[in-house]
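Asks: Okay, handing you the structure first.
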Amino acid sequence: MRKFLILLAAGCLVLYLCGCMGFPGGTQSGSTESSRSQSAFQRKPLKIGETVILGDFEITLDNYAVQGELPDKTLIYIPENGNLYVCPRLTVTNRGTAAQTFWPALSFQTAVRGVILYQDTYEYTPSVLWGYDGDLHDTYLEPQDTAAGILIFSLPKEAADSDNLVFVLKYGRQTVRFVLKRP
């Protein structure tokens with residue numbers, strides 16, 4: 001019984017610590033002016049072609065595409081359940097002083113994360129297509145390196161074909177919203 005209680009307490013401690021790592025706390029770098037300008041981004045949605053800085057990453061949403069399949073060198077990726085892929089194309093530059101991984105597939109630290117919102121209600125997380133060359137997940141960038149690629153989201157056809165999509169990026173307490181409108 002004593003071993004059980006010790007293991008239970010240890011398990012609770014591990015879960016608590018893992019939960020704390022997912023919620024960024026502590027101090028934020030940057031001046032008050034920078035914080036105010038970032039708050040402005042939270043209120044005003046950005047458009048395709050605009051650039052934002054989240055953490056040490058400078059991120060530009062170049063465009064986006066809706067596709068029924070993603071061909072790669074040897075494979076063709078097809079979404080399940082009749083869904084479509086919504087693929088924001090980003091250009092990302094590491095403006096920090098150390099090498100970092102952009103959008104790590106697994107992370108216990110603060111990292112750039114995001115979702116696509118449909119009608120500001122339905123939230124879709126990105127799919128990781130292991131082996132797909134253009135996917136920006138786990139992109140390792142040295143200081144001042146730039147990478148371009150896509151993030152892949154599987155959405156129901158009705159949502160994917162809508163002009164009511166918002167691409168939301170988050171880093172710590174910073175949040176930016178890009179309106180996804182077709183040209």
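Here, A, B, ... name the chains of the structure tokens in the order displayed, residue numbers run from 1 inside each chain, and ligands are numbered from 1 in the same displayed order.
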Tell me which protein, DNA and RNA residues are within 6 Å of Gly114 in chain A, counting only C-alpha atoms, leaving out same-chain ones fewer than 2 positions away, and put them as an MDAnalysis selection string.

Replies: chainID A and resid 168:170

Asks: Counting only C-alpha atoms, which residues of range 43-118 of chain A sit at most 8 Å from some atom of range 155-158 of chain A, and what is each one's closest atom pair with its distance in Å to one decimal, listed by chain and rising residue number, as a tab-separated table?

Replies:
```
residue	atom	partner	partner_atom	distance
A:Gly82	CA	A:Pro156	CA	7.1
A:Asn83	CA	A:Pro156	CA	4.4
A:Leu84	CA	A:Leu155	CA	5.5
A:Tyr85	CA	A:Leu155	CA	6.3
A:Val86	CA	A:Leu155	CA	6.9
```

Asks: Would you save the residues of that selection, restricted to N, CA and C atoms, as a tab-separated table (two decimals), in the first residue's frame?

Replies:
```
chain	number	residue	atom	x	y	z
A	82	GLY	N	-13.07	11.91	-46.58
A	82	GLY	CA	-13.51	12.89	-47.56
A	82	GLY	C	-13.09	14.31	-47.26
A	83	ASN	N	-12.18	14.48	-46.29
A	83	ASN	CA	-11.68	15.81	-45.93
A	83	ASN	C	-10.78	16.37	-47.03
A	84	LEU	N	-10.42	17.63	-46.87
A	84	LEU	CA	-9.46	18.30	-47.75
A	84	LEU	C	-8.33	18.83	-46.90
A	85	TYR	N	-7.15	18.95	-47.50
A	85	TYR	CA	-6.02	19.57	-46.80
A	85	TYR	C	-6.05	21.08	-47.02
A	86	VAL	N	-5.96	21.83	-45.93
A	86	VAL	CA	-5.75	23.27	-45.99
A	86	VAL	C	-4.30	23.49	-45.59
```

Asks: Can you pull out every residue from range 19-174 of chain A that DSSP, working from the backbone, puts in helix (DSSP H, G or I), and format the result as a VMD selection string?

Replies: chain A and resid 19 to 22 32 to 43 157 to 160

Asks: For a quick check of understanding, using only C-alpha atoms, which of A:Val166, A:Ala65, A:Leu136, A:Leu129 has the smallest distance to Thr101 in chain A?

Replies: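 Of A:Val166, A:Ala65, A:Leu136, A:Leu129, the one nearest Thr101 in chain A, counting only C-alpha atoms, is A:Leu136.
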
Asks: Quick check, in Å to one decimal: how far apart do CA of Gly131 in chain A and CA of Leu180 in chain A lie?

Replies: 26.4 Å
